[in-house]
Every structure is written in C-alpha cells, then in structure tokens.
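Q: Next comes upload_30.cif, mmCIF, C-alpha atoms:
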data_input
loop_
_atom_site.group_PDB
_atom_site.id
_atom_site.type_symbol
_atom_site.label_atom_id
_atom_site.label_comp_id
_atom_site.auth_asym_id
_atom_site.auth_seq_id
_atom_site.Cartn_x
_atom_site.Cartn_y
_atom_site.Cartn_z
ATOM 1 C CA MET W 27 43.404 -17.770 9.573
ATOM 2 C CA ILE W 28 41.039 -16.346 6.954
ATOM 3 C CA GLN W 29 37.848 -14.728 8.187
ATOM 4 C CA ILE W 30 34.968 -14.225 5.775
ATOM 5 C CA LEU W 31 32.692 -11.284 6.448
ATOM 6 C CA TYR W 32 29.126 -11.168 5.181
ATOM 7 C CA SER W 33 27.265 -7.997 4.394
ATOM 8 C CA VAL W 34 23.541 -7.622 3.885
ATOM 9 C CA LYS W 35 23.732 -4.532 1.729
ATOM 10 C CA PHE W 36 26.260 -3.698 -0.943
ATOM 11 C CA ASN W 37 27.512 -0.302 -1.886
ATOM 12 C CA ILE W 38 29.941 0.754 -4.592
ATOM 13 C CA GLU W 39 32.943 0.393 -2.279
ATOM 14 C CA ASP W 40 32.022 -3.267 -1.607
ATOM 15 C CA ILE W 41 31.771 -3.979 -5.324
ATOM 16 C CA VAL W 42 35.081 -2.252 -6.085
ATOM 17 C CA ILE W 43 36.831 -4.170 -3.285
ATOM 18 C CA PHE W 44 35.283 -7.460 -4.470
ATOM 19 C CA ASN W 45 36.433 -6.822 -8.071
ATOM 20 C CA PHE W 46 39.910 -5.857 -6.853
ATOM 21 C CA ILE W 47 40.184 -9.064 -4.792
ATOM 22 C CA ASN W 48 39.078 -11.148 -7.803
ATOM 23 C CA ILE W 49 41.672 -9.491 -10.038
ATOM 24 C CA ILE W 50 44.451 -10.036 -7.479
ATOM 25 C CA TYR W 51 43.406 -13.671 -6.939
ATOM 26 C CA THR W 52 43.386 -14.321 -10.703
ATOM 27 C CA MET W 53 46.779 -12.678 -11.197
ATOM 28 C CA ILE W 54 48.309 -14.615 -8.267
ATOM 29 C CA THR W 55 46.851 -17.869 -9.550
ATOM 30 C CA LEU W 56 48.187 -17.253 -13.042
ATOM 31 C CA THR W 57 51.637 -16.124 -11.955
ATOM 32 C CA THR W 58 52.214 -18.960 -9.482
ATOM 33 C CA THR W 59 51.537 -21.790 -11.916
ATOM 34 C CA ASN W 60 54.543 -22.925 -13.886
ATOM 35 C CA LYS W 61 52.506 -22.818 -17.110
ATOM 36 C CA SER W 62 51.876 -19.081 -17.099
ATOM 37 C CA LYS W 63 53.901 -16.514 -18.972
ATOM 38 C CA ASN W 64 53.648 -12.854 -19.694
ATOM 39 C CA LEU W 65 51.600 -11.838 -22.666
ATOM 40 C CA ILE W 66 52.717 -8.688 -24.447
ATOM 41 C CA GLU W 67 51.548 -8.589 -28.043
ATOM 42 C CA ASN W 68 51.070 -5.841 -30.591
ATOM 43 C CA LEU W 69 47.733 -5.949 -32.359
ATOM 44 C CA ILE W 70 48.453 -6.550 -36.023
ATOM 45 C CA ASP W 71 46.906 -6.690 -39.456
ATOM 46 C CA ALA W 72 48.299 -8.215 -42.666
ATOM 47 C CA SER W 73 50.756 -5.310 -43.044
ATOM 48 C CA GLY W 74 52.187 -5.180 -39.529
ATOM 49 C CA ASN W 75 51.519 -3.348 -36.298
ATOM 50 C CA ASN W 76 51.429 0.350 -37.257
ATOM 51 C CA ALA W 77 47.767 1.312 -37.669
ATOM 52 C CA ASN W 78 48.477 4.529 -39.557
ATOM 53 C CA GLY W 79 46.961 3.774 -42.968
ATOM 54 C CA ASP W 80 43.910 4.941 -44.866
ATOM 55 C CA TYR W 81 41.137 2.588 -43.723
ATOM 56 C CA SER W 82 38.278 4.917 -44.709
ATOM 57 C CA SER W 83 37.045 2.784 -47.615
ATOM 58 C CA VAL W 84 37.688 -0.686 -46.130
ATOM 59 C CA LEU W 85 37.114 -1.606 -42.489
ATOM 60 C CA THR W 86 40.421 -2.937 -41.108
ATOM 61 C CA ASP W 87 41.127 -4.961 -37.968
ATOM 62 C CA PHE W 88 44.264 -4.998 -35.858
ATOM 63 C CA SER W 89 43.972 -8.028 -33.613
ATOM 64 C CA TYR W 90 45.555 -10.681 -31.437
ATOM 65 C CA VAL W 91 44.321 -14.235 -32.008
ATOM 66 C CA CYS W 92 44.824 -16.648 -29.137
ATOM 67 C CA VAL W 93 46.513 -19.852 -30.341
ATOM 68 C CA ASP W 94 46.941 -23.106 -28.366
ATOM 69 C CA ASN W 95 46.396 -21.512 -24.952
ATOM 70 C CA THR W 96 44.157 -19.306 -22.861
ATOM 71 C CA ALA W 97 44.957 -15.609 -22.558
ATOM 72 C CA TYR W 98 43.936 -13.341 -19.700
ATOM 73 C CA ILE W 99 44.102 -9.772 -20.969
ATOM 74 C CA SER W 100 44.211 -6.982 -18.427
ATOM 75 C CA GLU W 101 45.391 -3.959 -20.396
ATOM 76 C CA LEU W 102 45.355 -2.296 -23.806
ATOM 77 C CA ASP W 103 48.133 0.240 -24.370
ATOM 78 C CA ILE W 104 47.730 2.857 -27.073
ATOM 79 C CA CYS W 105 50.423 5.052 -28.617
ATOM 80 C CA ILE W 106 49.404 7.870 -30.951
ATOM 81 C CA GLN W 107 52.331 9.813 -32.380
ATOM 82 C CA ASP W 108 52.007 12.719 -34.759
ATOM 83 C CA SER W 109 54.003 15.754 -35.787
ATOM 84 C CA SER W 110 53.786 18.826 -33.591
ATOM 85 C CA ASN W 111 51.266 21.658 -33.910
ATOM 86 C CA ASN W 112 47.500 21.583 -33.829
ATOM 87 C CA TRP W 113 47.093 18.886 -31.156
ATOM 88 C CA ASN W 114 43.988 19.474 -29.105
ATOM 89 C CA PHE W 115 41.315 17.475 -27.320
ATOM 90 C CA ASN W 116 38.963 17.510 -30.320
ATOM 91 C CA SER W 117 41.551 16.133 -32.756
ATOM 92 C CA TYR W 118 42.808 12.563 -33.119
ATOM 93 C CA GLY W 119 46.548 13.005 -33.036
ATOM 94 C CA LYS W 120 46.478 16.172 -35.078
ATOM 95 C CA ILE W 121 43.709 14.998 -37.421
ATOM 96 C CA ASP W 122 41.547 18.099 -37.099
ATOM 97 C CA GLY W 123 38.008 17.461 -35.890
ATOM 98 C CA GLY W 124 38.733 13.859 -34.884
ATOM 99 C CA LEU W 125 37.632 10.672 -36.619
ATOM 100 C CA THR W 126 34.316 10.043 -38.370
ATOM 101 C CA ASN W 127 33.792 6.409 -37.319
ATOM 102 C CA GLY W 128 36.280 6.057 -34.473
ATOM 103 C CA VAL W 129 38.225 3.185 -32.943
ATOM 104 C CA LYS W 130 36.100 0.270 -31.722
ATOM 105 C CA ILE W 131 37.538 -2.339 -29.342
ATOM 106 C CA TYR W 132 36.152 -5.878 -29.553
ATOM 107 C CA ILE W 133 36.478 -9.512 -28.574
ATOM 108 C CA GLN W 134 35.257 -12.285 -30.860
ATOM 109 C CA LYS W 135 34.736 -16.036 -30.857
ATOM 110 C CA PRO W 136 35.246 -17.832 -34.204
ATOM 111 C CA GLY W 137 32.114 -17.681 -36.358
ATOM 112 C CA GLU W 138 30.239 -15.403 -33.943
ATOM 113 C CA SER W 139 29.397 -11.710 -33.875
ATOM 114 C CA ARG W 140 31.805 -9.334 -32.218
ATOM 115 C CA ILE W 141 31.284 -8.135 -28.682
ATOM 116 C CA TYR W 142 32.269 -4.472 -28.551
ATOM 117 C CA ILE W 143 33.810 -3.158 -25.354
ATOM 118 C CA ASN W 144 32.867 0.398 -26.333
ATOM 119 C CA PRO W 145 29.764 -0.146 -28.533
ATOM 120 C CA ASN W 146 28.135 3.240 -28.084
ATOM 121 C CA ASN W 147 31.297 5.280 -27.658
ATOM 122 C CA PRO W 148 33.914 4.686 -30.329
ATOM 123 C CA ILE W 149 37.105 6.636 -29.717
ATOM 124 C CA LYS W 150 37.026 9.617 -32.085
ATOM 125 C CA LYS W 151 39.329 12.189 -30.478
ATOM 126 C CA ASN W 152 42.274 12.519 -28.118
ATOM 127 C CA ALA W 153 39.975 13.442 -25.240
ATOM 128 C CA ASP W 154 38.080 10.141 -25.603
ATOM 129 C CA TRP W 155 41.242 8.151 -24.856
ATOM 130 C CA GLU W 156 41.861 10.327 -21.834
ATOM 131 C CA ILE W 157 38.338 9.589 -20.596
ATOM 132 C CA VAL W 158 38.458 5.770 -20.928
ATOM 133 C CA GLY W 159 42.137 5.361 -20.077
ATOM 134 C CA ASP W 160 43.263 5.439 -16.493
ATOM 135 C CA ASN W 161 46.796 6.556 -17.188
ATOM 136 C CA ALA W 162 47.198 8.971 -20.093
ATOM 137 C CA LYS W 163 50.448 10.814 -20.753
ATOM 138 C CA TYR W 164 51.083 13.478 -23.338
ATOM 139 C CA LEU W 165 54.736 13.942 -24.312
ATOM 140 C CA ILE W 166 56.757 15.870 -26.857
ATOM 141 C CA LEU W 167 59.490 13.604 -28.206
ATOM 142 C CA GLY W 168 61.789 15.469 -30.567
ATOM 143 C CA THR W 169 59.574 17.080 -33.179
ATOM 144 C CA ASP W 170 56.635 14.732 -32.556
ATOM 145 C CA GLU W 171 53.861 14.838 -29.993
ATOM 146 C CA THR W 172 52.808 11.539 -28.461
ATOM 147 C CA LEU W 173 49.839 10.360 -26.415
ATOM 148 C CA PHE W 174 50.353 7.162 -24.390
ATOM 149 C CA VAL W 175 47.230 5.652 -22.837
ATOM 150 C CA LYS W 176 46.742 2.585 -20.618
ATOM 151 C CA TYR W 177 43.220 1.160 -20.763
ATOM 152 C CA HIS W 178 42.782 -1.414 -17.959
ATOM 153 C CA PHE W 179 40.077 -4.078 -17.880
ATOM 154 C CA ASN W 180 38.801 -6.532 -15.369
ATOM 155 C CA ILE W 181 40.422 -9.652 -16.760
ATOM 156 C CA ILE W 182 39.215 -10.551 -20.279
ATOM 157 C CA LYS W 183 39.612 -14.278 -20.909
ATOM 158 C CA ILE W 184 40.019 -15.438 -24.502
ATOM 159 C CA ARG W 185 40.559 -19.038 -25.538
ATOM 160 C CA ASN W 186 42.130 -20.793 -28.499
ATOM 161 C CA GLY W 187 40.835 -19.259 -31.738
ATOM 162 C CA GLU W 188 39.226 -16.259 -30.071
ATOM 163 C CA SER W 189 40.504 -12.755 -30.707
ATOM 164 C CA MET W 190 40.696 -9.278 -29.279
ATOM 165 C CA GLY W 191 41.236 -6.296 -31.494
ATOM 166 C CA VAL W 192 40.457 -2.833 -32.685
ATOM 167 C CA GLU W 193 38.336 -1.990 -35.686
ATOM 168 C CA LEU W 194 39.353 0.995 -37.809
ATOM 169 C CA ASN W 195 37.374 2.685 -40.586
ATOM 170 C CA ASP W 196 38.944 6.161 -40.943
ATOM 171 C CA ASP W 197 41.887 7.745 -42.733
ATOM 172 C CA LEU W 198 44.751 7.559 -40.215
ATOM 173 C CA SER W 199 47.531 7.982 -42.788
ATOM 174 C CA GLY W 200 48.484 11.371 -41.350
ATOM 175 C CA LEU W 201 49.715 9.808 -38.089
ATOM 176 C CA VAL W 202 53.418 9.047 -37.594
ATOM 177 C CA ASN W 203 52.729 6.008 -35.363
ATOM 178 C CA HIS W 204 49.537 4.391 -34.099
ATOM 179 C CA ILE W 205 50.306 1.269 -32.065
ATOM 180 C CA PHE W 206 48.005 -0.927 -29.962
ATOM 181 C CA THR W 207 49.519 -3.427 -27.492
ATOM 182 C CA ILE W 208 47.739 -5.874 -25.192
ATOM 183 C CA LYS W 209 49.165 -7.119 -21.915
ATOM 184 C CA GLY W 210 48.248 -9.924 -19.567
ATOM 185 C CA TYR W 211 49.098 -13.603 -19.087
ATOM 186 C CA LYS W 212 48.657 -16.770 -21.079
ATOM 187 C CA TYR W 213 48.933 -20.414 -20.249
#
Would you mind writing the structure in this file as structure tokens?

A:
Amino acid sequence: MIQILYSVKFNIEDIVIFNFINIIYTMITLTTTNKSKNLIENLIDASGNNANGDYSSVLTDFSYVCVDNTAYISELDICIQDSSNNWNFNSYGKIDGGLTNGVKIYIQKPGESRIYINPNNPIKKNADWEIVGDNAKYLILGTDETLFVKYHFNIIKIRNGESMGVELNDDLSGLVNHIFTIKGYKY
C-alpha cells in the first residue's frame, strides 16, 4: 500500500527528497522498459574526443547529438591529465593562471540559441571543477597528474537532433588529455 503525505509548508529537505524520488522514478522507468539502454558517449568534435587543442582563435564545440531516440543524461565526467609539477587550484591542469574564457556546458535544440548550464560561471581553473562536481579525485598516474570529476544533473532530456556539449575558446594544447564523457540512458 502506498500512502501519500501532504505538507503545507516546504523546506529544503522536502525539495531534495522530492527531486531524489523523481530521479529514482525516472531511472527505474527507463531501466525497466525493454527499449532502454545505457548511454556512455564521449563528447567529440571533427577531430575526435581529446579536447587538448588550441581553440583560442576559433570557438570549438565537443558535443553529443541525439539521433533517432531520446536521451536522459544524468552525468558529465571530466578527465584532465597533464604532466606533473605546478598543479594548483588556480591553474587548469597545469596551465598557470587558469583559462581566459573557460569551459561552458550547454544544451541546444536545432536552430535555437544554446542554453548554458553554467552561464555566469564558466570553468576556468581546477578548483572550479571541484566546486561544481560532486565527486572529484586527484591522482598521480606515472609521470602525469590527473583530475577526474563527476558532475551530476537532475535528468537532462534531449530528443532527436538536440545536443549537449562543451564550448571551448582557450589554448588547451598543453594538456596531455582532456576528455568529456556523458552518461545516462537512451531509448
């Protein structure tokens, strides 16, 4: 038996619990239908999935475009790998002083303006990822230092032809690896 409780006033705990229940319900619904499948995709541009080029003169997008289905995106994973030495919170990887323009995360419908998830706060330094991400890990792998970040969302629904991506407009050529991966479900 399911009992529904009503509350006259709402506080932050009520809203968090309501959002959590909605996320669980959506994930259960998606995973119990025989049409659903895991979505794990690297965001890409024309050259591939490693966003470690010089994009300072030309704005470059790394994106996932939904094709012939509906995607429910719940997570953006970020991997920044750079050689050791000089990593600090005010750098991006070891790019001293951070980025000028920063990383902007967006969703977009065909022919429409982008909706930025972080419009007023582009990611410009390592510390910014640690602030927005809910699971950041800093590791030394061999001679390289690596920052792994998981950035979780309430479910973002994108349909056929719509996209989710990151917009880059800085010189990132000094990074060893710079990979963005989305996770969720599609059906």

Q: For the provided coordinates, the residues matched by the PyMOL selection byres ((chain W and resi 132-138) around 7) should be stated as a compact mmCIF listing (two decimals) with C-alpha atoms, in the coordinates of the input.

A:
# COMPACT_ATOMS: atom_id res chain seq x y z
CA LYS W 130 36.10 0.27 -31.72
CA ILE W 131 37.54 -2.34 -29.34
CA SER W 139 29.40 -11.71 -33.88
CA ARG W 140 31.80 -9.33 -32.22
CA ILE W 141 31.28 -8.14 -28.68
CA TYR W 142 32.27 -4.47 -28.55
CA ILE W 143 33.81 -3.16 -25.35
CA GLY W 187 40.84 -19.26 -31.74
CA GLU W 188 39.23 -16.26 -30.07
CA SER W 189 40.50 -12.76 -30.71
CA MET W 190 40.70 -9.28 -29.28
CA GLY W 191 41.24 -6.30 -31.49
CA VAL W 192 40.46 -2.83 -32.68

Q: Counting only C-alpha atoms, which residues come within 7 Å of (40.6, 1.4, -43.5), with the point read in the file's coordinates, and could you list them as a PyMOL selection string?

A: chain W and resi 79-86+194-197

Q: Can you tell me which residues surround range 111-120 of chain W at a distance of at most 9 Å, considering all atoms listed in the file, apart from same-chain residues fewer than 3 positions away, and format the answer as an MDAnalysis selection string?

A: chainID W and resid 106:108 123:125 149:154 170:173 198 200:201

Q: Taking (46.4, -1.7, -18.3) in the coordinates of the supplied file, I want to know which residues reach to within 9 Å of it, counting only C-alpha atoms; could you give the answer as number ranges by chain?

A: W: 99-103, 159-161, 175-179, 208-210

Q: Tell me which protein, DNA and RNA residues are within 7 Å of Asn76 in chain W, counting all atoms listed in the file, leaving out same-chain ones fewer than 2 positions away, and put them as a list in words.

A: Gly74, Asn78, Asn203, His204 and Ile205 of chain W

Q: By how many Å are CA of Ile66 in chain W and CA of Tyr98 in chain W apart?

A: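 CA of Tyr98 in chain W lies 11.0 Å from CA of Ile66 in chain W.
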
Q: Suppose you want the space between CA of Ile181 in chain W and CA of Trp155 in chain W; what is it in Å?

A: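 For CA of Ile181 in chain W relative to CA of Trp155 in chain W, the distance reads 19.6 Å.
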
Q: Nearest to Phe174 in chain W among W:Ala72, W:Ala97, W:Cys105, W:Leu65, with distances taken over only C-alpha atoms: which residue is it?

A: W:Cys105

Q: Between CA of Val91 in chain W and CA of Glu67 in chain W, what distance in Å does the model show, to one decimal?

A: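 These atoms are spaced 10.0 Å apart.
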
Q: Could you tell me which of W:Ile104, W:Cys92, W:Ile182, W:Val129 comes closest to Asn75 in chain W if we count only C-alpha atoms?

A: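 Smallest separation from Asn75 in chain W among the options: W:Ile104.
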